[in-house]
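Here's the structure, in structure tokens; my notes come after.
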Amino acid sequence: MTIIEQTAEFEQLLEHLRESRGFDFTGYKRASLMRRTTKRMHEVGVESYADYLLYLHANPAEFEALFDTILINVTSFFRDPETWDVLAADIVPQAIERSRGHVRIWSAGCATGQEAFSAAMLFANALGTTNIASQVKIYATDVDQPALAQARLAEYDAKALEPVREQWRDAYFEQQGSRFGVRKDIRRAVIFGRHNLCTDAPISRIDLLLCRNTLMYLNPPLQSRILDSLHFALKPEGTLCLGKSEVMMTRSDRFEPVNLKRRIFRPRPGLRRYDRRLPMSYEPTSEEMSAIPLESRAFETATVPQLVLDKERRVVVANRRAREQFGVSDDDIGRTIQDIELSYRPADLRSMIDQADTARQPVALRGVEWRRGDETSFWDVSVAPLINRQDATVGMLVAFVDVSRHHGLEDQLSRSQLEVQAAYEELQSTVEELETTNEELQSTNEELETTNEELQSTNEELETMNEELQSLNDELHASNEELRLRTLEVGEVNAFMESVLAGLGAAVLVVDADQRVLVWNRQAEELWGVRREEAVGQHLLTLDIGLPLERLRPLVRAALDGTAGDGVRPDG
């Protein structure tokens, strides 16, 4: 099968997962995704992606095993301890101080919960266990339902608690048989829930966001989209902590490093929290709702004439500047735009509205001339559709910008341009030389950026393989432990058999189907003078023990054939 055919089969498999189970893996890195899927295929004995798709149709329970293989849940308490030391020393005190006792934390991709409880222990150490549940809320999310179910139990074995400081183990965990459960006052601070970073709306107003070793499995476009969501989720003074193998080359304009080595970032100052439209829903806060009257006042007093139309093209509201400049009266409110003079003077608004409605994007006319008696003015006219949360057009915003002064300046600029042209021609040769040099520098810079991206991709791939190897290592440890237990059981059985044979008080030997000695007890050694090491593995009839063993041949053969007791006697 060619690579193209394999790829096509794999894409069909991904499409089936998306349509039947709602898991969209198309944004995951293909190399890692195919490697994890192939691992699961080998475990069930399937060779091709097409056959595995048929296997999924026949075995619905296989979906859960496949998702568990793809979504690598390698985690631990205080993973990368140096990062947690920085968080404890710098970030946690700042978050407590800024939030005034109401800290919101988001652990995205929490797996089985160790990261979320690690954060809870940091804040419990800073605030005290009595205050942690009332002052801190930790939202721990993941797409893996089985992992979340395990996280909600909040129980771990002794090996999982090895990275936790001894005094913290005693303070924040309670032993329950062979396992250790998180104390209830710590547990109440953590809320677990299913959340898909690729498609679901982000949690808002977050002080500390932990998204570690999650983005490295995704391709750059999806990483960029998710980083937009994370920027949306954070407060302006919030903190983002990524994994050690994740960088933000593609979205460096959104965040700035606090500690680049430990992958700790904060939103870049000067960027508004909602300056980019997200593909996700947004619920305004109570503070934002209270600002609506102020926004209405700003619309009314704006220096630019503006009108708002509903979806039926009726005038809903016109600001003071529009009423003064274009004579829009109170009687015009509620009328359709085509029924008032403004619909065709100074510009044909009806056709512009139709264009904006069809294209679902703003339409503009520049420098529209308007004559009123001896006075001439020039206007830039724009019509923009108003879109609601359901992505439906609910109205139009019409705005007029007076560019008369600008238009008058254009004549002056035309004359000035002639003078500038001469100077420009003198500088042209110099500019061309600079452009050539700049192009060479740009080419070199692009090569360096390409090399850097390739290195980053390789680094993320290696980190992914390391996660897989760690998961495989855990499986091998479990297999070794099972083999050790079985070996002990076999040893006990052998010891029991040895004691039975020793207690018989008679020489006993056991042969296999080929009449080779398997068992030779101590009484046999004493009776015939042949040590066990000399007898075991030898053919019975070749042993020199002073007996006519040839006469035993028919008896042994009869016993092996199951015909003993049928009258067979030794010769002579």
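Numbering starts fresh at 1 for the residues of each chain in the structure tokens, the chains themselves are lettered A, B, ... in the order given, and ligands are numbered from 1 as they appear.
Taking segment 446-558 of chain A and asking which residues DSSP calls strand (DSSP E or B) on the backbone, you get A:Leu509, A:Val510, A:Val511, A:Arg516, A:Val517, A:Leu518, A:Val519, A:Trp520, A:His539.
Shell of segment 256-269 of chain A at 6 Å, with only C-alpha atoms counted and residues fewer than 3 places along the chain excluded, is Thr83, Thr239, Leu240, Cys241 and Leu242 of chain A.
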> Please, which residues of segment 139-197 of chain A, numbered as in this document, come out helix (DSSP H, G or I) from DSSP, as a ChimeraX atom specification?
Replying inline: /A:145-153,166-172,184-187
> Between atom CA of Thr69 of chain A and atom CA of Leu197 of chain A, what is the distance, to one decimal in Å?
Replying inline: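 It comes out at 18.7 Å.
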> Counting only C-alpha atoms, what is within 12 Å of Val403 of chain A, bar same-chain residues fewer than 2 positions away, as a list in words?
Replying inline: Val304, Leu365, Arg366, Gly367, Val368, Glu369, Trp370, Thr376, Ser377, Phe378, Trp379, Asp380, Val381, Phe400, Val401, Arg405, His406, His407, Gly408, Leu409 and Glu410 of chain A
Write the selection just made, keeping N, CA, C and O atoms, as a PDB file, in the first residue's frame?
ATOM      1  N   VAL A 304     -19.064  61.490  14.871  1.00  0.00           N
ATOM      2  CA  VAL A 304     -19.335  60.897  13.558  1.00  0.00           C
ATOM      3  C   VAL A 304     -20.831  60.594  13.467  1.00  0.00           C
ATOM      4  O   VAL A 304     -21.380  59.906  14.339  1.00  0.00           O
ATOM      5  N   LEU A 365     -17.772  53.634   0.804  1.00  0.00           N
ATOM      6  CA  LEU A 365     -17.551  54.537  -0.330  1.00  0.00           C
ATOM      7  C   LEU A 365     -16.697  55.692   0.153  1.00  0.00           C
ATOM      8  O   LEU A 365     -16.965  56.264   1.225  1.00  0.00           O
ATOM      9  N   ARG A 366     -15.664  56.047  -0.612  1.00  0.00           N
ATOM     10  CA  ARG A 366     -14.734  57.090  -0.190  1.00  0.00           C
ATOM     11  C   ARG A 366     -14.976  58.375  -0.989  1.00  0.00           C
ATOM     12  O   ARG A 366     -15.202  58.343  -2.203  1.00  0.00           O
ATOM     13  N   GLY A 367     -14.918  59.508  -0.307  1.00  0.00           N
ATOM     14  CA  GLY A 367     -14.955  60.809  -0.963  1.00  0.00           C
ATOM     15  C   GLY A 367     -16.222  61.102  -1.718  1.00  0.00           C
ATOM     16  O   GLY A 367     -16.193  61.651  -2.832  1.00  0.00           O
ATOM     17  N   VAL A 368     -17.404  60.770  -1.149  1.00  0.00           N
ATOM     18  CA  VAL A 368     -18.682  61.035  -1.804  1.00  0.00           C
ATOM     19  C   VAL A 368     -18.975  62.553  -1.736  1.00  0.00           C
ATOM     20  O   VAL A 368     -18.966  63.145  -0.648  1.00  0.00           O
ATOM     21  N   GLU A 369     -19.227  63.155  -2.876  1.00  0.00           N
ATOM     22  CA  GLU A 369     -19.490  64.604  -2.931  1.00  0.00           C
ATOM     23  C   GLU A 369     -20.950  64.895  -2.636  1.00  0.00           C
ATOM     24  O   GLU A 369     -21.852  64.234  -3.147  1.00  0.00           O
ATOM     25  N   TRP A 370     -21.187  65.958  -1.812  1.00  0.00           N
ATOM     26  CA  TRP A 370     -22.557  66.329  -1.455  1.00  0.00           C
ATOM     27  C   TRP A 370     -22.675  67.850  -1.550  1.00  0.00           C
ATOM     28  O   TRP A 370     -21.968  68.590  -0.856  1.00  0.00           O
ATOM     29  N   THR A 376     -20.222  72.687  -0.651  1.00  0.00           N
ATOM     30  CA  THR A 376     -19.871  71.335  -1.096  1.00  0.00           C
ATOM     31  C   THR A 376     -19.053  70.657   0.000  1.00  0.00           C
ATOM     32  O   THR A 376     -18.091  71.232   0.523  1.00  0.00           O
ATOM     33  N   SER A 377     -19.421  69.438   0.294  1.00  0.00           N
ATOM     34  CA  SER A 377     -18.664  68.653   1.292  1.00  0.00           C
ATOM     35  C   SER A 377     -18.415  67.253   0.739  1.00  0.00           C
ATOM     36  O   SER A 377     -19.059  66.817  -0.227  1.00  0.00           O
ATOM     37  N   PHE A 378     -17.476  66.586   1.388  1.00  0.00           N
ATOM     38  CA  PHE A 378     -17.101  65.231   0.950  1.00  0.00           C
ATOM     39  C   PHE A 378     -17.168  64.299   2.168  1.00  0.00           C
ATOM     40  O   PHE A 378     -16.733  64.658   3.268  1.00  0.00           O
ATOM     41  N   TRP A 379     -17.719  63.089   1.918  1.00  0.00           N
ATOM     42  CA  TRP A 379     -17.948  62.141   3.017  1.00  0.00           C
ATOM     43  C   TRP A 379     -17.466  60.737   2.645  1.00  0.00           C
ATOM     44  O   TRP A 379     -17.604  60.311   1.506  1.00  0.00           O
ATOM     45  N   ASP A 380     -16.916  60.066   3.659  1.00  0.00           N
ATOM     46  CA  ASP A 380     -16.678  58.618   3.566  1.00  0.00           C
ATOM     47  C   ASP A 380     -17.868  57.933   4.223  1.00  0.00           C
ATOM     48  O   ASP A 380     -18.176  58.193   5.408  1.00  0.00           O
ATOM     49  N   VAL A 381     -18.545  57.068   3.463  1.00  0.00           N
ATOM     50  CA  VAL A 381     -19.753  56.406   3.957  1.00  0.00           C
ATOM     51  C   VAL A 381     -19.453  54.912   4.112  1.00  0.00           C
ATOM     52  O   VAL A 381     -18.908  54.282   3.193  1.00  0.00           O
ATOM     53  N   PHE A 400     -20.978  58.025   8.790  1.00  0.00           N
ATOM     54  CA  PHE A 400     -20.507  59.034   7.838  1.00  0.00           C
ATOM     55  C   PHE A 400     -19.315  59.764   8.460  1.00  0.00           C
ATOM     56  O   PHE A 400     -19.391  60.194   9.621  1.00  0.00           O
ATOM     57  N   VAL A 401     -18.254  59.896   7.715  1.00  0.00           N
ATOM     58  CA  VAL A 401     -17.068  60.617   8.183  1.00  0.00           C
ATOM     59  C   VAL A 401     -16.817  61.785   7.234  1.00  0.00           C
ATOM     60  O   VAL A 401     -16.660  61.592   6.020  1.00  0.00           O
ATOM     61  N   ARG A 405     -12.119  68.485   4.673  1.00  0.00           N
ATOM     62  CA  ARG A 405     -10.812  69.104   4.898  1.00  0.00           C
ATOM     63  C   ARG A 405      -9.717  68.261   4.255  1.00  0.00           C
ATOM     64  O   ARG A 405      -8.801  68.780   3.623  1.00  0.00           O
ATOM     65  N   HIS A 406      -9.849  66.973   4.403  1.00  0.00           N
ATOM     66  CA  HIS A 406      -8.869  66.075   3.794  1.00  0.00           C
ATOM     67  C   HIS A 406      -8.891  66.211   2.271  1.00  0.00           C
ATOM     68  O   HIS A 406      -7.843  66.211   1.619  1.00  0.00           O
ATOM     69  N   HIS A 407     -10.109  66.336   1.721  1.00  0.00           N
ATOM     70  CA  HIS A 407     -10.225  66.450   0.261  1.00  0.00           C
ATOM     71  C   HIS A 407      -9.577  67.743  -0.230  1.00  0.00           C
ATOM     72  O   HIS A 407      -8.945  67.792  -1.290  1.00  0.00           O
ATOM     73  N   GLY A 408      -9.730  68.859   0.549  1.00  0.00           N
ATOM     74  CA  GLY A 408      -9.090  70.112   0.159  1.00  0.00           C
ATOM     75  C   GLY A 408      -7.589  70.025   0.218  1.00  0.00           C
ATOM     76  O   GLY A 408      -6.868  70.639  -0.587  1.00  0.00           O
ATOM     77  N   LEU A 409      -7.122  69.256   1.176  1.00  0.00           N
ATOM     78  CA  LEU A 409      -5.676  69.104   1.306  1.00  0.00           C
ATOM     79  C   LEU A 409      -5.091  68.305   0.154  1.00  0.00           C
ATOM     80  O   LEU A 409      -3.895  68.395  -0.123  1.00  0.00           O
ATOM     81  N   GLU A 410      -5.925  67.500  -0.498  1.00  0.00           N
ATOM     82  CA  GLU A 410      -5.407  66.674  -1.587  1.00  0.00           C
ATOM     83  C   GLU A 410      -4.853  67.537  -2.724  1.00  0.00           C
ATOM     84  O   GLU A 410      -3.849  67.181  -3.351  1.00  0.00           O
TER      85      GLU A 410
END
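We find atom CA of Glu453 of chain A and atom CA of Asn213 of chain A to be spaced 17.5 Å apart.
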> Which distance in Å separates atom CA of Arg335 of chain A and atom CA of Asp402 of chain A, to one decimal?
Replying inline: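 These two atoms are separated by 25.1 Å.
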> Do you know which residues are at most 12 Å from Arg35 of chain A counting only C-alpha atoms, after dropping those on the same chain fewer than 3 positions away, and could you put them as an MDAnalysis selection string?
Replying inline: chainID A and resid 10 28:32 38:42 49 66 69:70 461 464:465 468
> Using only C-alpha atoms, which residues sit within 12 Å of segment 162-167 of chain A once same-chain residues fewer than 2 positions away are excluded, as a VMD selection string?
Replying inline: chain A and resid 75 to 81 84 114 to 115 117 to 119 121 to 122 125 156 to 160 169 to 173 180
> When distances are computed from only C-alpha atoms, which of A:Glu460, A:Asp332, A:Glu525, A:Glu489 shows the smallest separation from Ala502 of chain A?
Replying inline: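 Closest candidate: A:Glu525.
Considering only C-alpha atoms, the residue among A:Asp68, A:Glu15, A:Asp207, A:Asp185 positioned nearest to Gln94 of chain A is A:Asp207.
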> Which polymer residues have any atom within 10 Å of an atom of Ala149 of chain A, counting only C-alpha atoms, with same-chain residues fewer than 6 positions away left out, as number ranges by chain?
Replying inline: A: 111-113, 192-193
